[in-house]
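K.L.:
To be precise about what I am sending: the file is called final.txt and holds compact mmCIF, C-alpha atoms and all ligand atoms.
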# COMPACT_ATOMS: atom_id res chain seq x y z
CA MET A 1 -8.39 2.75 1.22
CA THR A 2 -9.72 4.53 -1.80
CA GLY A 3 -7.73 5.50 -4.87
CA SER A 4 -6.46 2.03 -5.75
CA SER A 5 -7.32 0.34 -9.04
CA PRO A 6 -10.19 -2.19 -9.07
CA ARG A 7 -7.69 -4.93 -9.93
CA LEU A 8 -5.48 -4.07 -6.95
CA ARG A 9 -8.49 -3.88 -4.64
CA ALA A 10 -9.56 -7.35 -5.81
CA VAL A 11 -6.10 -8.76 -5.05
CA ALA A 12 -6.12 -7.11 -1.62
CA ALA A 13 -9.67 -8.32 -0.92
CA ALA A 14 -8.55 -11.90 -1.67
CA ALA A 15 -5.63 -11.48 0.75
CA TRP A 16 -7.94 -10.21 3.52
CA ARG A 17 -10.38 -13.07 2.82
CA PHE A 18 -7.48 -15.49 3.21
CA ARG A 19 -6.49 -13.73 6.45
CA TRP A 20 -10.10 -14.14 7.63
CA ILE A 21 -9.79 -17.93 7.15
CA VAL A 22 -6.45 -17.90 9.03
CA GLU A 23 -8.02 -15.97 11.93
CA CYS A 24 -11.06 -18.30 12.05
CA ASP A 25 -8.72 -21.30 12.03
CA ALA A 26 -6.65 -19.74 14.80
CA GLU A 27 -9.73 -19.26 17.00
CA THR A 28 -10.71 -22.93 16.60
CA ARG A 29 -7.13 -24.09 17.14
CA PHE A 30 -6.62 -22.05 20.32
CA LEU A 31 -9.90 -23.27 21.82
CA GLY A 32 -8.93 -26.87 21.13
CA LEU A 33 -5.42 -26.37 22.49
CA ALA A 34 -6.75 -24.77 25.68
CA ASP A 35 -8.87 -27.86 26.38
CA ARG A 36 -6.00 -30.22 25.54
CA LEU A 37 -3.61 -28.27 27.81
CA ASP A 38 -6.16 -28.45 30.62
CA ALA A 39 -6.45 -32.20 30.11
CA LEU A 40 -2.66 -32.55 30.31
CA GLY A 41 -2.53 -30.70 33.63
CA ALA A 42 -1.38 -27.29 34.79
CA TYR A 43 1.53 -25.71 32.97
CA PRO A 44 3.33 -22.92 34.83
CA SER A 45 4.07 -19.99 32.53
CA PRO A 46 7.44 -18.27 32.74
CA ILE A 47 6.66 -16.43 29.43
CA PRO A 48 10.18 -16.08 28.11
CA SER A 49 10.02 -14.93 24.52
CA PRO A 50 12.29 -13.58 21.82
CA LEU A 51 9.55 -11.03 21.09
CA ARG A 52 9.01 -7.79 22.90
CA GLY A 53 5.34 -7.24 23.65
CA GLU A 54 3.26 -4.20 24.34
CA GLY A 55 0.26 -3.82 26.60
CA ARG A 56 -1.20 -6.57 28.78
CA GLU A 57 2.26 -7.69 30.02
CA ARG A 58 0.99 -7.42 33.57
CA ASP A 59 -1.47 -10.21 32.75
CA ALA A 60 1.11 -12.41 31.05
CA PRO A 61 1.87 -14.85 33.91
CA ALA A 62 -1.59 -16.42 33.46
CA PRO A 63 -1.65 -20.19 32.84
CA VAL A 64 -1.10 -21.07 29.20
CA PRO A 65 -4.61 -22.60 28.76
CA ASP A 66 -6.14 -19.29 29.90
CA LEU A 67 -3.88 -17.39 27.50
CA ALA A 68 -5.00 -19.73 24.71
CA ARG A 69 -8.69 -19.04 25.47
CA ARG A 70 -8.00 -15.31 25.50
CA ALA A 71 -6.17 -15.70 22.20
CA ALA A 72 -9.20 -17.50 20.74
CA ALA A 73 -11.38 -14.51 21.65
CA ASP A 74 -8.79 -12.18 20.07
CA GLU A 75 -8.83 -14.25 16.85
CA ARG A 76 -12.63 -14.04 16.63
CA ARG A 77 -12.32 -10.25 16.83
CA HIS A 78 -9.53 -10.30 14.23
CA ALA A 79 -11.65 -12.43 11.89
CA ALA A 80 -14.44 -9.84 12.09
CA HIS A 81 -11.98 -7.06 11.17
CA CYS A 82 -10.67 -9.09 8.22
CA ALA A 83 -14.19 -9.82 7.00
CA ARG A 84 -15.10 -6.14 7.21
CA ILE A 85 -11.99 -5.00 5.33
CA ALA A 86 -12.48 -7.66 2.62
CA ALA A 87 -16.03 -6.41 2.16
CA GLU A 88 -14.86 -2.78 2.03
CA LEU A 89 -12.47 -3.80 -0.74
CA GLY A 90 -15.35 -5.32 -2.67
CA GLY A 91 -14.67 -9.02 -1.96
CA PRO A 92 -16.76 -10.11 1.05
CA VAL A 93 -16.09 -13.39 2.85
CA PRO A 94 -18.59 -16.27 2.49
CA ALA A 95 -21.54 -16.30 4.90
CA ALA A 96 -20.53 -19.69 6.31
CA ALA A 97 -17.52 -20.07 8.59
CA PRO A 98 -14.61 -21.99 7.04
CA ALA A 99 -14.24 -25.71 7.76
CA PRO A 100 -12.31 -26.41 10.99
CA PRO A 101 -8.54 -26.66 10.47
CA ALA A 102 -6.88 -30.07 10.33
CA ALA A 103 -4.45 -31.14 13.05
CA VAL A 104 -0.90 -30.32 11.97
CA ALA A 105 1.01 -32.59 14.38
CA PRO A 106 2.03 -36.06 13.13
CA GLY A 107 -0.40 -38.69 14.45
CA SER A 108 2.50 -40.73 15.84
CA LEU A 109 3.27 -38.21 18.60
CA GLU A 110 2.19 -38.66 22.20
CA GLU A 111 -0.49 -36.15 23.21
CA GLU A 112 1.87 -33.94 25.23
CA ASP A 113 4.29 -33.69 22.30
CA ALA A 114 1.46 -33.24 19.79
CA VAL A 115 0.24 -30.24 21.79
CA THR A 116 3.77 -28.84 21.85
CA TYR A 117 4.05 -29.37 18.09
CA GLU A 118 0.76 -27.53 17.48
CA LEU A 119 1.77 -24.64 19.76
CA VAL A 120 5.21 -24.29 18.18
CA ALA A 121 3.68 -24.32 14.68
CA ALA A 122 0.82 -21.96 15.54
CA CYS A 123 2.56 -19.58 17.94
CA CYS A 124 6.35 -19.75 17.73
CA ILE A 125 6.24 -19.84 13.92
CA ALA A 126 2.92 -18.56 12.50
CA GLU A 127 2.21 -15.87 15.10
CA THR A 128 5.84 -14.73 15.19
CA VAL A 129 5.89 -14.36 11.39
CA SER A 130 2.52 -12.62 11.59
CA VAL A 131 3.96 -10.05 14.01
CA GLY A 132 6.73 -9.38 11.47
CA VAL A 133 4.21 -8.92 8.65
CA LEU A 134 1.98 -6.58 10.64
CA THR A 135 4.94 -4.58 11.93
CA ALA A 136 6.15 -4.12 8.34
CA LEU A 137 2.69 -3.03 7.16
CA LEU A 138 2.03 -0.52 9.93
CA PRO A 139 4.39 2.29 8.86
CA VAL A 140 3.17 2.19 5.23
CA ALA A 141 -0.59 1.98 5.84
CA ARG A 142 -2.07 5.47 5.51
CA ASP A 143 -5.77 4.84 6.09
CA PRO A 144 -6.52 5.49 9.81
CA GLY A 145 -9.05 2.65 10.07
CA LEU A 146 -6.65 0.20 8.49
CA ARG A 147 -3.80 1.39 10.72
CA ALA A 148 -5.96 0.86 13.81
CA VAL A 149 -6.74 -2.72 12.75
CA LEU A 150 -3.10 -3.52 11.93
CA HIS A 151 -2.02 -2.11 15.29
CA GLU A 152 -4.65 -4.10 17.18
CA LEU A 153 -3.70 -7.31 15.38
CA ALA A 154 0.03 -6.75 15.94
CA THR A 155 -0.48 -6.08 19.66
CA ASP A 156 -2.49 -9.29 20.11
CA GLU A 157 -0.34 -11.52 17.89
CA VAL A 158 2.75 -10.65 19.97
CA LEU A 159 0.98 -12.14 22.98
CA HIS A 160 -0.13 -15.19 20.99
CA ALA A 161 3.45 -15.80 19.93
CA ARG A 162 4.59 -15.43 23.53
CA LEU A 163 2.21 -18.08 24.81
CA GLY A 164 3.83 -20.54 22.42
CA TRP A 165 7.32 -19.57 23.56
CA ALA A 166 6.18 -19.92 27.17
CA HIS A 167 4.85 -23.40 26.51
CA LEU A 168 8.04 -24.34 24.68
CA ALA A 169 10.14 -23.27 27.68
CA THR A 170 8.01 -25.49 29.90
CA ALA A 171 8.34 -28.40 27.48
CA ALA A 172 12.12 -27.82 27.40
CA ALA A 173 12.27 -27.84 31.20
CA ARG A 174 10.43 -31.18 31.09
CA GLY A 175 13.00 -32.52 28.60
CA ARG A 176 10.39 -32.92 25.86
CA VAL A 177 11.60 -30.86 22.92
CA ALA A 178 14.21 -33.08 21.20
CA PHE A 179 11.50 -34.71 19.05
CA LEU A 180 10.90 -31.37 17.33
CA ALA A 181 14.28 -31.10 15.54
CA PRO A 182 13.67 -33.55 12.65
CA LEU A 183 10.06 -32.37 12.30
CA LEU A 184 10.89 -28.67 11.89
CA PRO A 185 11.34 -28.72 8.08
CA ALA A 186 7.84 -30.18 7.62
CA MET A 187 6.45 -27.76 10.20
CA LEU A 188 8.00 -24.79 8.37
CA ALA A 189 6.83 -26.08 4.99
CA GLY A 190 3.33 -26.41 6.41
CA SER A 191 3.39 -22.82 7.64
CA VAL A 192 3.79 -21.22 4.18
CA ASP A 193 1.74 -21.07 1.02
CA GLU A 194 3.07 -23.41 -1.66
CA ASP A 195 3.99 -20.48 -3.90
CA LEU A 196 5.90 -18.42 -1.29
CA PHE A 197 9.29 -19.22 -2.78
CA ARG A 198 8.06 -19.08 -6.40
CA GLU A 199 7.50 -16.33 -8.93
CA VAL A 200 3.89 -15.13 -9.00
CA GLU A 201 1.75 -12.96 -11.26
CA PRO A 202 2.79 -9.28 -11.35
CA ASP A 203 -0.41 -8.10 -9.60
CA LEU A 204 0.73 -9.87 -6.43
CA GLU A 205 4.01 -7.92 -6.50
CA ASP A 206 2.38 -4.50 -6.85
CA GLU A 207 3.72 -2.14 -4.15
CA GLY A 208 0.32 -0.42 -4.19
CA LEU A 209 -0.90 -3.37 -2.12
CA LEU A 210 0.93 -1.96 0.90
CA ALA A 211 -1.58 0.87 1.20
CA LEU A 212 -4.32 -1.78 1.39
CA GLY A 213 -2.62 -3.66 4.23
CA VAL A 214 -1.16 -6.41 2.07
CA LEU A 215 2.51 -7.28 1.50
CA PRO A 216 3.72 -7.70 -2.09
CA HIS A 217 4.78 -11.32 -2.59
CA ARG A 218 8.53 -10.71 -2.67
CA MET A 219 8.37 -8.75 0.61
CA LYS A 220 6.25 -11.50 2.17
CA ARG A 221 8.91 -14.05 1.23
CA GLU A 222 11.77 -11.93 2.58
CA LEU A 223 9.88 -11.20 5.74
CA PHE A 224 9.11 -14.88 6.36
CA ALA A 225 12.74 -15.90 5.81
CA GLY A 226 14.00 -13.05 8.00
CA ALA A 227 11.60 -13.82 10.85
CA ILE A 228 12.52 -17.53 10.78
CA GLU A 229 16.24 -16.79 10.65
CA GLU A 230 16.39 -13.92 13.12
CA VAL A 231 13.65 -14.75 15.63
CA VAL A 232 12.23 -18.27 15.32
CA LEU A 233 15.39 -20.35 14.96
CA PRO A 234 17.28 -18.46 17.70
CA GLY A 235 14.22 -18.81 19.96
CA LEU A 236 14.06 -22.55 19.30
CA SER A 237 17.80 -22.88 19.90
CA ARG A 238 17.45 -21.12 23.24
CA ALA A 239 14.87 -23.78 24.17
CA ALA A 240 17.51 -26.43 23.32
CA VAL A 241 15.84 -27.47 20.05
CA ASP A 242 18.37 -28.45 17.36
CA THR A 243 17.59 -26.15 14.42
CA ALA A 244 20.16 -27.46 11.91
CA ALA A 245 17.56 -29.28 9.76
CA ALA A 246 15.27 -26.22 9.86
CA ALA A 247 18.11 -23.93 8.76
CA ARG A 248 18.94 -26.31 5.89
CA TRP A 249 15.27 -26.29 4.81
CA LEU A 250 15.23 -22.49 4.77
CA ALA A 251 18.47 -22.33 2.77
CA SER A 252 17.12 -24.82 0.22
CA GLN A 253 13.90 -22.81 -0.22
CA ARG A 254 15.84 -19.60 -0.69
CA ALA A 255 18.00 -21.27 -3.34
CA ARG A 256 14.94 -22.19 -5.42
FE FE B 301 -5.10 -13.03 14.74
FE FE B 302 -3.02 -14.78 16.72
Represent the structure contained in this file as structure tokens.
P.N.:
Amino acid sequence: MTGSSPRLRAVAAAAWRFRWIVECDAETRFLGLADRLDALGAYPSPIPSPLRGEGRERDAPAPVPDLARRAAADERRHAAHCARIAAELGGPVPAAAPAPPAAVAPGSLEEEDAVTYELVAACCIAETVSVGVLTALLPVARDPGLRAVLHELATDEVLHARLGWAHLATAAARGRVAFLAPLLPAMLAGSVDEDLFREVEPDLEDEGLLALGVLPHRMKRELFAGAIEEVVLPGLSRAAVDTAAAARWLASQRAR
């Protein structure tokens, strides 16, 4: 990852530091969700998913709480990679772990639905978008070490997305997904940075970022919108979730 300007490396280091926080948050979230799923009782796991996975498929029919614990261990490993890359780029992460993430589900939901909300937000949306980002970065990353990390992350995040889709299918079979429809716009809004649909400083649009494992802002926006439109909303529809409000939210953001 040499050869980039100091300014570009600083922008990329900030992006990898942010990714480190996301991975740390994901570890905490998955551990909490595993315990909450256990408390709710056993969930069989059909693992239907709009995503194709690679590796570990043979293990996929594990109970969702076990998959969530495995995902937490993956995220810890991912966080370490992100911290190392941020440091290599000259912007190390803080010594202290980030504060635990806040619950994203509305407090008014019953526990079973709150868990579904958290899993849809974390897995069906965030992890699915993450797979899209990593898949886009892989062909353009030249550095072998960076490529190995991107590949490892992409392989794991596919499975993390799938555990959310598996849970959603179970929730659908139990007739407990209708509550999601009106909440999807807020869930989607909560899954993006505030500036995703805005113009940003030119440094964040520099295509040189791709070689450092970071998407230029415009590509990040297009990738998010594409993943929601082509994978997430069809996946939610297949689970009998009404996605009309979510589609309207996406259209309104794109029009900004
Ligand atoms: Fe991760
Ligand atoms: Fe993940």
K.L.:
Ligand FE 301 (chain B): which residues are within 9 Å, counting only C-alpha atoms and all ligand atoms? Reply as a ChimeraX atom specification.
P.N.:
/A:19-20,22-24,26-27,71-72,74-79,127,130,153-154,156-157,160
K.L.:
Mind pulling up the distance from CA of Glu88 (chain A) to CA of Arg147 (chain A)?
P.N.:
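If I compute the distance from CA of Arg147 (chain A) to CA of Glu88 (chain A), I get 14.7 Å.
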K.L.:
What's the 7 Å shell around region 202-214 of chain A, counting only C-alpha atoms, without same-chain residues fewer than 4 positions away, as a list in words?
P.N.:
Met1, Leu8, Ala12, Ala15, Leu137, Val140, Ala141, Arg142 and Arg218 of chain A
K.L.:
For the residues in the current selection, export C-alpha atoms as a CSV table (one decimal), in the coordinates of the input.
P.N.:
chain,number,residue,atom,x,y,z
A,1,MET,CA,-8.4,2.8,1.2
A,8,LEU,CA,-5.5,-4.1,-7.0
A,12,ALA,CA,-6.1,-7.1,-1.6
A,15,ALA,CA,-5.6,-11.5,0.8
A,137,LEU,CA,2.7,-3.0,7.2
A,140,VAL,CA,3.2,2.2,5.2
A,141,ALA,CA,-0.6,2.0,5.8
A,142,ARG,CA,-2.1,5.5,5.5
A,218,ARG,CA,8.5,-10.7,-2.7
K.L.:
Using all atoms listed in the file, which residues sit within 9 Å of region 188-193 of chain A once same-chain residues fewer than 2 positions away are excluded, as a PDB file with C-alpha atoms, in the frame of the given file?
P.N.:
ATOM      1  CA  VAL A 104      -0.900 -30.320  11.970  1.00  0.00           C
ATOM      2  CA  ALA A 121       3.680 -24.320  14.680  1.00  0.00           C
ATOM      3  CA  ALA A 122       0.820 -21.960  15.540  1.00  0.00           C
ATOM      4  CA  ILE A 125       6.240 -19.840  13.920  1.00  0.00           C
ATOM      5  CA  ALA A 126       2.920 -18.560  12.500  1.00  0.00           C
ATOM      6  CA  LEU A 183      10.060 -32.370  12.300  1.00  0.00           C
ATOM      7  CA  LEU A 184      10.890 -28.670  11.890  1.00  0.00           C
ATOM      8  CA  PRO A 185      11.340 -28.720   8.080  1.00  0.00           C
ATOM      9  CA  ALA A 186       7.840 -30.180   7.620  1.00  0.00           C
ATOM     10  CA  ASP A 195       3.990 -20.480  -3.900  1.00  0.00           C
ATOM     11  CA  LEU A 196       5.900 -18.420  -1.290  1.00  0.00           C
ATOM     12  CA  PHE A 197       9.290 -19.220  -2.780  1.00  0.00           C
ATOM     13  CA  PHE A 224       9.110 -14.880   6.360  1.00  0.00           C
ATOM     14  CA  ILE A 228      12.520 -17.530  10.780  1.00  0.00           C
ATOM     15  CA  ALA A 246      15.270 -26.220   9.860  1.00  0.00           C
ATOM     16  CA  TRP A 249      15.270 -26.290   4.810  1.00  0.00           C
ATOM     17  CA  LEU A 250      15.230 -22.490   4.770  1.00  0.00           C
TER      18      LEU A 250
END
K.L.:
I'd like the contact shell of Val93 (chain A) - 12 Å cut-off, all atoms listed in the file, skipping same-chain residues fewer than 2 positions apart - returned as an MDAnalysis selection string.
P.N.:
chainID A and resid 13:21 24 79:91 95:98
K.L.:
Closest to ligand FE 302 (chain B) among A:Pro65, A:Gly164, A:Gly32, A:Pro106, using all atoms listed in the file?
P.N.:
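Residue with the minimum atom-to-atom distance to ligand FE 302 (chain B): A:Gly164.
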K.L.:
Any idea what the distance is between CA of Ala251 (chain A) and CA of Leu223 (chain A)?
P.N.:
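One can read the CA of Ala251 (chain A) to CA of Leu223 (chain A) distance as 14.4 Å.
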K.L.:
By how many Å are CA of Val158 (chain A) and CA of Val131 (chain A) apart?
P.N.:
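Between CA of Val158 (chain A) and CA of Val131 (chain A) the gap works out to 6.1 Å.
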K.L.:
Fewer than 6 positions away in the same chain doesn't count, so skip those; otherwise give me all residues within 10 Å of Val120 (chain A), counting all atoms listed in the file, as a PyMOL selection string.
P.N.:
chain A and resi 114+126-127+161+163-165+167-168+180+184+187+232+236
K.L.:
Would you pick out the contacts of Glu230 (chain A) at 12 Å or less, using all atoms listed in the file, so that residues sharing its chain but fewer than 4 positions from it are not included, and give the list as a list in words?
P.N.:
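Near Glu230 (chain A), the qualifying residues are Pro50, Leu51, Ile125, Thr128, Val129, Gly132, Glu222, Leu223, Phe224, Ala225, Gly226, Pro234, Gly235, Leu236, Ser237 and Ala247 of chain A.
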K.L.:
With the input short on atoms, add all heavy atoms back to region 200-211 of chain A and write it as a PDB file, keeping the file's coordinate frame.
P.N.:
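Once everything was written out, this is part07.pdb:
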ATOM      1  N   VAL A 200       5.358 -15.188  -8.896  1.00  0.00           N
ATOM      2  CA  VAL A 200       3.890 -15.130  -9.000  1.00  0.00           C
ATOM      3  C   VAL A 200       3.510 -14.048 -10.009  1.00  0.00           C
ATOM      4  O   VAL A 200       4.362 -13.294 -10.478  1.00  0.00           O
ATOM      5  CB  VAL A 200       3.245 -14.803  -7.627  1.00  0.00           C
ATOM      6  CG1 VAL A 200       3.421 -15.961  -6.667  1.00  0.00           C
ATOM      7  CG2 VAL A 200       3.807 -13.517  -7.046  1.00  0.00           C
ATOM      8  N   GLU A 201       2.220 -13.946 -10.284  1.00  0.00           N
ATOM      9  CA  GLU A 201       1.750 -12.960 -11.260  1.00  0.00           C
ATOM     10  C   GLU A 201       2.075 -11.538 -10.772  1.00  0.00           C
ATOM     11  O   GLU A 201       2.096 -11.287  -9.558  1.00  0.00           O
ATOM     12  CB  GLU A 201       0.249 -13.121 -11.497  1.00  0.00           C
ATOM     13  CG  GLU A 201      -0.558 -13.122 -10.210  1.00  0.00           C
ATOM     14  CD  GLU A 201      -2.056 -13.156 -10.456  1.00  0.00           C
ATOM     15  OE1 GLU A 201      -2.537 -12.295 -11.195  1.00  0.00           O
ATOM     16  OE2 GLU A 201      -2.724 -14.029  -9.894  1.00  0.00           O
ATOM     17  N   PRO A 202       2.336 -10.627 -11.716  1.00  0.00           N
ATOM     18  CA  PRO A 202       2.790  -9.280 -11.350  1.00  0.00           C
ATOM     19  C   PRO A 202       1.847  -8.541 -10.393  1.00  0.00           C
ATOM     20  O   PRO A 202       2.312  -7.779  -9.544  1.00  0.00           O
ATOM     21  CB  PRO A 202       2.849  -8.556 -12.707  1.00  0.00           C
ATOM     22  CG  PRO A 202       2.990  -9.634 -13.722  1.00  0.00           C
ATOM     23  CD  PRO A 202       2.308 -10.837 -13.176  1.00  0.00           C
ATOM     24  N   ASP A 203       0.542  -8.792 -10.493  1.00  0.00           N
ATOM     25  CA  ASP A 203      -0.410  -8.100  -9.600  1.00  0.00           C
ATOM     26  C   ASP A 203      -0.076  -8.337  -8.125  1.00  0.00           C
ATOM     27  O   ASP A 203      -0.288  -7.470  -7.282  1.00  0.00           O
ATOM     28  CB  ASP A 203      -1.838  -8.604  -9.852  1.00  0.00           C
ATOM     29  CG  ASP A 203      -2.452  -7.928 -11.065  1.00  0.00           C
ATOM     30  OD1 ASP A 203      -1.886  -6.909 -11.506  1.00  0.00           O
ATOM     31  OD2 ASP A 203      -3.482  -8.424 -11.552  1.00  0.00           O
ATOM     32  N   LEU A 204       0.444  -9.525  -7.825  1.00  0.00           N
ATOM     33  CA  LEU A 204       0.730  -9.870  -6.430  1.00  0.00           C
ATOM     34  C   LEU A 204       2.016  -9.203  -5.940  1.00  0.00           C
ATOM     35  O   LEU A 204       2.344  -9.263  -4.757  1.00  0.00           O
ATOM     36  CB  LEU A 204       0.831 -11.385  -6.255  1.00  0.00           C
ATOM     37  CG  LEU A 204      -0.462 -12.166  -6.506  1.00  0.00           C
ATOM     38  CD1 LEU A 204      -0.209 -13.666  -6.430  1.00  0.00           C
ATOM     39  CD2 LEU A 204      -1.532 -11.776  -5.496  1.00  0.00           C
ATOM     40  N   GLU A 205       2.765  -8.609  -6.865  1.00  0.00           N
ATOM     41  CA  GLU A 205       4.010  -7.920  -6.500  1.00  0.00           C
ATOM     42  C   GLU A 205       3.827  -6.403  -6.454  1.00  0.00           C
ATOM     43  O   GLU A 205       4.770  -5.667  -6.203  1.00  0.00           O
ATOM     44  CB  GLU A 205       5.128  -8.261  -7.496  1.00  0.00           C
ATOM     45  CG  GLU A 205       5.549  -9.722  -7.503  1.00  0.00           C
ATOM     46  CD  GLU A 205       6.371 -10.116  -6.279  1.00  0.00           C
ATOM     47  OE1 GLU A 205       6.405  -9.348  -5.289  1.00  0.00           O
ATOM     48  OE2 GLU A 205       6.962 -11.212  -6.320  1.00  0.00           O
ATOM     49  N   ASP A 206       2.617  -5.940  -6.747  1.00  0.00           N
ATOM     50  CA  ASP A 206       2.380  -4.500  -6.850  1.00  0.00           C
ATOM     51  C   ASP A 206       2.563  -3.813  -5.480  1.00  0.00           C
ATOM     52  O   ASP A 206       1.921  -4.190  -4.495  1.00  0.00           O
ATOM     53  CB  ASP A 206       0.945  -4.272  -7.352  1.00  0.00           C
ATOM     54  CG  ASP A 206       0.730  -2.851  -7.840  1.00  0.00           C
ATOM     55  OD1 ASP A 206       1.188  -1.910  -7.156  1.00  0.00           O
ATOM     56  OD2 ASP A 206       0.114  -2.702  -8.904  1.00  0.00           O
ATOM     57  N   GLU A 207       3.454  -2.821  -5.437  1.00  0.00           N
ATOM     58  CA  GLU A 207       3.720  -2.140  -4.150  1.00  0.00           C
ATOM     59  C   GLU A 207       2.517  -1.331  -3.681  1.00  0.00           C
ATOM     60  O   GLU A 207       2.444  -0.924  -2.519  1.00  0.00           O
ATOM     61  CB  GLU A 207       4.964  -1.264  -4.274  1.00  0.00           C
ATOM     62  CG  GLU A 207       6.187  -2.088  -4.602  1.00  0.00           C
ATOM     63  CD  GLU A 207       7.448  -1.619  -3.925  1.00  0.00           C
ATOM     64  OE1 GLU A 207       7.479  -0.454  -3.495  1.00  0.00           O
ATOM     65  OE2 GLU A 207       8.394  -2.412  -3.845  1.00  0.00           O
ATOM     66  N   GLY A 208       1.554  -1.103  -4.578  1.00  0.00           N
ATOM     67  CA  GLY A 208       0.320  -0.420  -4.190  1.00  0.00           C
ATOM     68  C   GLY A 208      -0.495  -1.232  -3.188  1.00  0.00           C
ATOM     69  O   GLY A 208      -1.373  -0.695  -2.504  1.00  0.00           O
ATOM     70  N   LEU A 209      -0.194  -2.521  -3.085  1.00  0.00           N
ATOM     71  CA  LEU A 209      -0.900  -3.370  -2.120  1.00  0.00           C
ATOM     72  C   LEU A 209      -0.630  -2.937  -0.681  1.00  0.00           C
ATOM     73  O   LEU A 209      -1.457  -3.129   0.212  1.00  0.00           O
ATOM     74  CB  LEU A 209      -0.471  -4.838  -2.289  1.00  0.00           C
ATOM     75  CG  LEU A 209      -0.982  -5.551  -3.549  1.00  0.00           C
ATOM     76  CD1 LEU A 209      -0.275  -6.895  -3.712  1.00  0.00           C
ATOM     77  CD2 LEU A 209      -2.495  -5.741  -3.477  1.00  0.00           C
ATOM     78  N   LEU A 210       0.555  -2.352  -0.461  1.00  0.00           N
ATOM     79  CA  LEU A 210       0.930  -1.960   0.900  1.00  0.00           C
ATOM     80  C   LEU A 210      -0.085  -1.005   1.518  1.00  0.00           C
ATOM     81  O   LEU A 210      -0.410  -1.118   2.700  1.00  0.00           O
ATOM     82  CB  LEU A 210       2.324  -1.299   0.880  1.00  0.00           C
ATOM     83  CG  LEU A 210       3.494  -2.255   0.629  1.00  0.00           C
ATOM     84  CD1 LEU A 210       4.757  -1.478   0.259  1.00  0.00           C
ATOM     85  CD2 LEU A 210       3.735  -3.121   1.861  1.00  0.00           C
ATOM     86  N   ALA A 211      -0.610  -0.094   0.694  1.00  0.00           N
ATOM     87  CA  ALA A 211      -1.580   0.870   1.200  1.00  0.00           C
ATOM     88  C   ALA A 211      -2.893   0.193   1.585  1.00  0.00           C
ATOM     89  O   ALA A 211      -3.716   0.762   2.308  1.00  0.00           O
ATOM     90  CB  ALA A 211      -1.847   1.956   0.156  1.00  0.00           C
TER      91      ALA A 211
END
